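First comes the structure, then the notes that go with it.
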Amino acid sequence: MDRKPTDQVEVDRLNALLLRVARQDRQAFVALFHHFAPRLKSFLQKMGADAGAAEEIIQDVMVSVWRRAESFDPTLATASTWIFAIARNRRIDRLRQERRPEVDPDDPALVPDPEDPADRALLLEEESERLHRAIRLLPPEQADLLRMAYFEDKAHSAIATERNLPLGTVKSRLRLALARLRKVLGEEQ
Amino acid sequence: MTPTHHPAEDFLVAYAAGTLPEASSLIVATHMALCPDCRAEVRRLEALGGALLADMPEAPVADDLLASIFAQLESPQPKVGPIGGDGGLGVAVARRPAKASARTVIPEPLRGYLGCDLDGVRWSKVIRGVDEVSVPCGPAGGGAGPKVRLMRIRAGTAMPRHTHGGSELTLVLSGGFSDETGHFLRGDFVATDGSVDHQPVADDDADCICLAVTDAPLRLTGPLGRLINPFVSF
Ligand SMILES: [Zn+2]
């Protein structure tokens with residue numbers, strides 16, 4: 001009875017689609033579009049884009065997905081995380097008109113990771129499964145603040161005003177939510 | 001050696017979510033280049049972003065969106081713009097060319113913003129023993145944003161005592177300094193707010209090179225500071 005949890009089945013399905021897109025598979029691309037476009041739309045709208053701007057960014061994102069799918073590595077990120085990162089960057093580009101400074105993993109000045117990445121894929125699979133479960137188990141008020149802090153371009157003080165909570169409460173609930181998620185993810189890696 | 005002073009969690013969350021302004025993102029990402037712990041934490045927070053995206057409700061999109069995407073895919077590919085490194089996820093559009101070697105002091109992404117490593121920096125003197133160069137950051141022409149500067153404090157030099165009207169973020173890139181709150185070395189990230197009146201002193205053995213992001217001018221508070229304040233725009 002070695003059934004994988006449904007979240008993990010879904011993660012595997014989306015990863016497999018994205019890997020097929022890397023081989024220029026149009027059918028897989030259409031399936032990914034139907035899965036992600038409606039979610040990206042609510043994500044981008046939650047982050048302050050209007051419907052038109054959200055769809056422009058989705059178009060950008062999906063074009064990048066098609067053109068850059070070959071650089072997707074399922075041992076580094078799930079398809080959702082990879083697409084989330086593209087959408088985040090496209091949004092910064094288009095709405096804020098800023099650059100996004102990122103670490104260059106090939107920079108000789110980079111202090112390298114101590115870990116051995118051999119079993120990275122396995123860790124990642126376990127992690128994403130536990131993460132999905134943990135988010136659903138968060139107390140609603142923590143999950144709510146987490147989504148606000150994460151998705152809405154708002155300072156903690158603005159969240160506090162909107163939710164009519166003291167700033168300290170917002171900060172401590174967020175800290176609790178993150179501590180919980182971190183515990184679930186384990187710090188062992 | 002890895003850093004012992006890190007950005008607070010809310011900086012890392014905002015960086016992973018993409019809500020942190022560019023100047024703060026630059027100093028956080030440059031810290032991450034020197035800090036495997038914070039890189040790992042941001043990877044976890046990006047995974048959180050992916051999981052939250054997966055859980056988003058579905059909003060209907062225009063019927064012709066997919067067709068527009070295919071139309072764009074069939075048209076010739078425009079040249080890609082310079083959008084920094086790929087942060088390890090392979091999602092950025094292109095990477096700036098950046099000369100580097102094993103002796104490189106300034107890590108990416110800061111090196112790309114500066115356009116050179118430490119040996120190419122053209123310093124200008126602020127006061128005796130303290131030099132700076134401003135780092136271009138943010139939308140072109142946007143002068144109201146935070147100030148991003150690379151600072152060089154000569155070995156053993158005490159900075160004038162000062163406070164901040166706003167916050168100051170500091171990342172040590174070479175050498176070290178001490179103030180009332182601790183001793184900071186390469187990779188250490190220090191955040192101070194307006195209430196801190198401090199006097200950083202560079203270590204005796206080497207010049208201290210720091211990246212500083214300030215969102216308000218420093219206010220010099222020592223006796224000397226009060227004297228030179230009107231003349232120094234820090
Ligand atoms: Zn760190």
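Order determines the names: the first chain of the structure tokens is A, the second B, and so forth; residues in each chain are numbered 1 upward, and ligands are numbered 1 upward as they are shown.
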Env. residues ligand 1 / 6 Å / only C-alpha atoms and all ligand atoms / as an mmCIF file with all heavy atoms, in the first residue's frame:
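The resulting file, selection_6.cif, is reproduced below:
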data_model
loop_
_atom_site.group_PDB
_atom_site.id
_atom_site.type_symbol
_atom_site.label_atom_id
_atom_site.label_comp_id
_atom_site.auth_asym_id
_atom_site.auth_seq_id
_atom_site.Cartn_x
_atom_site.Cartn_y
_atom_site.Cartn_z
ATOM 1 N N HIS B 6 22.666 37.969 10.215
ATOM 2 C CA HIS B 6 21.846 37.746 9.020
ATOM 3 C C HIS B 6 20.699 38.746 8.938
ATOM 4 O O HIS B 6 20.285 39.306 9.947
ATOM 5 C CB HIS B 6 21.269 36.322 9.060
ATOM 6 C CG HIS B 6 22.310 35.279 9.281
ATOM 7 N ND1 HIS B 6 23.027 34.712 8.252
ATOM 8 C CD2 HIS B 6 22.778 34.714 10.425
ATOM 9 C CE1 HIS B 6 23.896 33.837 8.755
ATOM 10 N NE2 HIS B 6 23.763 33.821 10.067
ATOM 11 N N MET B 32 23.389 36.944 0.595
ATOM 12 C CA MET B 32 23.121 35.533 0.290
ATOM 13 C C MET B 32 24.277 34.882 -0.462
ATOM 14 O O MET B 32 24.553 33.702 -0.285
ATOM 15 C CB MET B 32 21.838 35.399 -0.533
ATOM 16 C CG MET B 32 20.569 35.575 0.296
ATOM 17 S SD MET B 32 19.125 35.870 -0.759
ATOM 18 C CE MET B 32 19.155 34.417 -1.826
ATOM 19 N N CYS B 35 26.397 33.704 2.130
ATOM 20 C CA CYS B 35 25.743 33.019 3.247
ATOM 21 C C CYS B 35 24.880 31.844 2.774
ATOM 22 O O CYS B 35 23.709 32.024 2.421
ATOM 23 C CB CYS B 35 24.875 34.004 4.025
ATOM 24 S SG CYS B 35 24.106 33.239 5.473
ATOM 25 N N ASP B 37 23.420 29.678 4.471
ATOM 26 C CA ASP B 37 22.233 29.504 5.326
ATOM 27 C C ASP B 37 21.050 30.316 4.801
ATOM 28 O O ASP B 37 19.927 29.819 4.719
ATOM 29 C CB ASP B 37 22.519 29.958 6.766
ATOM 30 C CG ASP B 37 23.506 29.041 7.460
ATOM 31 O OD1 ASP B 37 23.731 27.918 6.945
ATOM 32 O OD2 ASP B 37 24.066 29.445 8.498
ATOM 33 N N CYS B 38 21.302 31.572 4.481
ATOM 34 C CA CYS B 38 20.199 32.409 3.989
ATOM 35 C C CYS B 38 19.776 31.984 2.589
ATOM 36 O O CYS B 38 18.600 32.089 2.240
ATOM 37 C CB CYS B 38 20.570 33.897 4.033
ATOM 38 S SG CYS B 38 20.568 34.537 5.731
#
At a cut-off of 6 Å, which residues of chain A touch chain B? Count only C-alpha atoms and give the answer as a ChimeraX atom specification.
/A:38-39,41-42,59,71,80-81,84,86,88,98,101-105,108-111,113,150,153
With N, CA and C atoms retained, write the just-selected residues as a PDB file, in the first residue's frame.
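Everything below was put into part.pdb:
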ATOM      1  N   PRO A  38      -5.081  30.314 -14.619  1.00  0.00           N
ATOM      2  CA  PRO A  38      -6.090  30.840 -13.682  1.00  0.00           C
ATOM      3  C   PRO A  38      -5.545  31.069 -12.268  1.00  0.00           C
ATOM      4  N   ARG A  39      -4.571  30.258 -11.862  1.00  0.00           N
ATOM      5  CA  ARG A  39      -3.970  30.458 -10.535  1.00  0.00           C
ATOM      6  C   ARG A  39      -3.056  31.675 -10.553  1.00  0.00           C
ATOM      7  N   LYS A  41      -3.440  34.167 -12.389  1.00  0.00           N
ATOM      8  CA  LYS A  41      -4.261  35.369 -12.456  1.00  0.00           C
ATOM      9  C   LYS A  41      -4.691  35.810 -11.060  1.00  0.00           C
ATOM     10  N   SER A  42      -5.168  34.892 -10.244  1.00  0.00           N
ATOM     11  CA  SER A  42      -5.578  35.342  -8.906  1.00  0.00           C
ATOM     12  C   SER A  42      -4.371  35.741  -8.063  1.00  0.00           C
ATOM     13  N   GLN A  59       0.936  36.098 -19.960  1.00  0.00           N
ATOM     14  CA  GLN A  59       1.452  35.826 -21.310  1.00  0.00           C
ATOM     15  C   GLN A  59       2.988  35.793 -21.295  1.00  0.00           C
ATOM     16  N   SER A  71      15.777  24.737 -18.894  1.00  0.00           N
ATOM     17  CA  SER A  71      16.601  24.987 -17.699  1.00  0.00           C
ATOM     18  C   SER A  71      15.883  24.559 -16.411  1.00  0.00           C
ATOM     19  N   SER A  80       5.683  24.261  -9.757  1.00  0.00           N
ATOM     20  CA  SER A  80       4.986  25.403  -9.154  1.00  0.00           C
ATOM     21  C   SER A  80       5.964  26.460  -8.667  1.00  0.00           C
ATOM     22  N   THR A  81       7.019  26.028  -8.003  1.00  0.00           N
ATOM     23  CA  THR A  81       7.996  26.972  -7.469  1.00  0.00           C
ATOM     24  C   THR A  81       8.730  27.671  -8.612  1.00  0.00           C
ATOM     25  N   PHE A  84       6.291  30.069 -10.122  1.00  0.00           N
ATOM     26  CA  PHE A  84       6.119  31.166  -9.159  1.00  0.00           C
ATOM     27  C   PHE A  84       7.275  32.166  -9.290  1.00  0.00           C
ATOM     28  N   ILE A  86       9.292  32.719 -11.828  1.00  0.00           N
ATOM     29  CA  ILE A  86       9.210  33.463 -13.088  1.00  0.00           C
ATOM     30  C   ILE A  86       8.161  34.574 -12.973  1.00  0.00           C
ATOM     31  N   ARG A  88       6.970  36.026 -10.314  1.00  0.00           N
ATOM     32  CA  ARG A  88       7.463  37.056  -9.390  1.00  0.00           C
ATOM     33  C   ARG A  88       8.405  38.011 -10.133  1.00  0.00           C
ATOM     34  N   GLU A  98      11.638  47.491 -12.037  1.00  0.00           N
ATOM     35  CA  GLU A  98      12.918  47.397 -11.344  1.00  0.00           C
ATOM     36  C   GLU A  98      13.600  46.124 -11.798  1.00  0.00           C
ATOM     37  N   PRO A 101      17.786  41.835  -8.190  1.00  0.00           N
ATOM     38  CA  PRO A 101      19.137  41.333  -7.940  1.00  0.00           C
ATOM     39  C   PRO A 101      19.080  39.893  -7.437  1.00  0.00           C
ATOM     40  N   GLU A 102      19.853  39.017  -8.076  1.00  0.00           N
ATOM     41  CA  GLU A 102      19.866  37.600  -7.683  1.00  0.00           C
ATOM     42  C   GLU A 102      21.294  37.111  -7.536  1.00  0.00           C
ATOM     43  N   VAL A 103      21.433  36.093  -6.716  1.00  0.00           N
ATOM     44  CA  VAL A 103      22.710  35.411  -6.572  1.00  0.00           C
ATOM     45  C   VAL A 103      23.060  34.746  -7.899  1.00  0.00           C
ATOM     46  N   ASP A 104      24.343  34.785  -8.266  1.00  0.00           N
ATOM     47  CA  ASP A 104      24.806  34.040  -9.433  1.00  0.00           C
ATOM     48  C   ASP A 104      25.493  32.772  -8.935  1.00  0.00           C
ATOM     49  N   PRO A 105      24.855  31.610  -9.152  1.00  0.00           N
ATOM     50  CA  PRO A 105      25.408  30.375  -8.575  1.00  0.00           C
ATOM     51  C   PRO A 105      26.787  30.015  -9.135  1.00  0.00           C
ATOM     52  N   PRO A 108      32.547  32.985  -8.876  1.00  0.00           N
ATOM     53  CA  PRO A 108      33.662  32.467  -8.057  1.00  0.00           C
ATOM     54  C   PRO A 108      33.704  33.088  -6.660  1.00  0.00           C
ATOM     55  N   ALA A 109      33.092  34.251  -6.479  1.00  0.00           N
ATOM     56  CA  ALA A 109      33.095  34.883  -5.154  1.00  0.00           C
ATOM     57  C   ALA A 109      32.012  34.301  -4.241  1.00  0.00           C
ATOM     58  N   LEU A 110      31.160  33.423  -4.776  1.00  0.00           N
ATOM     59  CA  LEU A 110      30.088  32.834  -3.968  1.00  0.00           C
ATOM     60  C   LEU A 110      30.673  31.879  -2.925  1.00  0.00           C
ATOM     61  N   VAL A 111      30.168  31.972  -1.693  1.00  0.00           N
ATOM     62  CA  VAL A 111      30.554  30.985  -0.671  1.00  0.00           C
ATOM     63  C   VAL A 111      29.675  29.760  -0.898  1.00  0.00           C
ATOM     64  N   ASP A 113      27.640  26.091  -1.013  1.00  0.00           N
ATOM     65  CA  ASP A 113      26.847  25.313  -0.051  1.00  0.00           C
ATOM     66  C   ASP A 113      27.700  24.202   0.527  1.00  0.00           C
ATOM     67  N   TYR A 150       2.947  37.502   1.973  1.00  0.00           N
ATOM     68  CA  TYR A 150       3.642  36.926   0.839  1.00  0.00           C
ATOM     69  C   TYR A 150       3.190  37.535  -0.467  1.00  0.00           C
ATOM     70  N   ASP A 153       1.769  43.310  -1.838  1.00  0.00           N
ATOM     71  CA  ASP A 153       2.948  44.133  -1.720  1.00  0.00           C
ATOM     72  C   ASP A 153       2.758  45.119  -0.579  1.00  0.00           C
TER      73      ASP A 153
END
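With distances restricted to only C-alpha atoms, A:Ala177 is the closest residue to Ile135 (chain A) from A:Lys171, A:Asp12, A:Ala177, A:Ala28.
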What are the DSSP strand (DSSP E) residues of region 111-187 of chain B, as a PyMOL selection string?
chain B and resi 124-127+130-134+147-153+162-164+168-174+176-179+182-185
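Each of A:Leu176, A:Ala51, A:Val11, A:Ile58 was checked against His34 (chain A) using only C-alpha atoms; the smallest atom-to-atom distance is that of A:Ile58.
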Hey, what's within 7 Å of Ala212 (chain B) if we count only C-alpha atoms and toss same-chain stuff fewer than 6 positions away? As a PyMOL selection string, please?
chain B and resi 148-150+168-171
N, CA and C atoms of the current selection, written as an mmCIF file, in the first residue's frame:
data_model
loop_
_atom_site.group_PDB
_atom_site.id
_atom_site.type_symbol
_atom_site.label_atom_id
_atom_site.label_comp_id
_atom_site.auth_asym_id
_atom_site.auth_seq_id
_atom_site.Cartn_x
_atom_site.Cartn_y
_atom_site.Cartn_z
ATOM 1 N N VAL B 148 22.346 54.021 -2.110
ATOM 2 C CA VAL B 148 23.156 52.806 -2.051
ATOM 3 C C VAL B 148 24.601 53.202 -2.299
ATOM 4 N N ARG B 149 25.456 52.912 -1.336
ATOM 5 C CA ARG B 149 26.858 53.301 -1.478
ATOM 6 C C ARG B 149 27.784 52.208 -1.013
ATOM 7 N N LEU B 150 28.937 52.165 -1.655
ATOM 8 C CA LEU B 150 30.021 51.352 -1.146
ATOM 9 C C LEU B 150 30.899 52.301 -0.335
ATOM 10 N N GLU B 168 19.200 52.022 8.219
ATOM 11 C CA GLU B 168 20.442 51.812 7.491
ATOM 12 C C GLU B 168 20.736 50.327 7.478
ATOM 13 N N LEU B 169 21.013 49.794 6.296
ATOM 14 C CA LEU B 169 21.421 48.409 6.168
ATOM 15 C C LEU B 169 22.879 48.400 5.758
ATOM 16 N N THR B 170 23.657 47.573 6.430
ATOM 17 C CA THR B 170 25.085 47.523 6.138
ATOM 18 C C THR B 170 25.506 46.081 5.915
ATOM 19 N N LEU B 171 26.303 45.867 4.896
ATOM 20 C CA LEU B 171 26.868 44.543 4.650
ATOM 21 C C LEU B 171 28.381 44.692 4.564
#
Just list the residues in region 14-140 of chain A DSSP gives alpha helix (DSSP H) on the backbone, as a count of residues only.
80
Skip Ala16 (chain A) itself and residues of its chain fewer than 3 positions away, then list as number ranges by chain all residues within 12 Å of it, counting only C-alpha atoms.
A: 9-13, 19-23, 25, 28-29, 31-32, 69, 72-74, 78-80
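The shell of residues at most 9 Å from region 121-123 of chain B, with only C-alpha atoms counted and near chain neighbours (fewer than 5 positions) removed, consists of Leu114, Gly115, Cys116, Asp131, Glu132, Val133, Leu150, Met151 and Arg152 of chain B.
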Please provide as a PyMOL selection string all residues within 12 Å of Ala158 (chain A), with the sequence filter that same-chain residues fewer than 6 positions apart are discarded (counting only C-alpha atoms).
chain A and resi 145+148-149+152+164-167+170-171
How many Å lie between CA of Arg100 (chain A) and CA of Ala85 (chain A), rounded to one decimal?
11.1 Å
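Using only C-alpha atoms, the smallest distance between any of A:Leu174, A:Asn15, A:Pro140, A:Ala53 and Thr75 (chain A) comes from A:Asn15.
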Might you pull out every residue within 10 Å of Leu95 (chain A), with only C-alpha atoms counted and same-chain residues fewer than 2 positions away left off, and present them as a PyMOL selection string?
chain A and resi 48-49+53-54+57+90-93+97-98
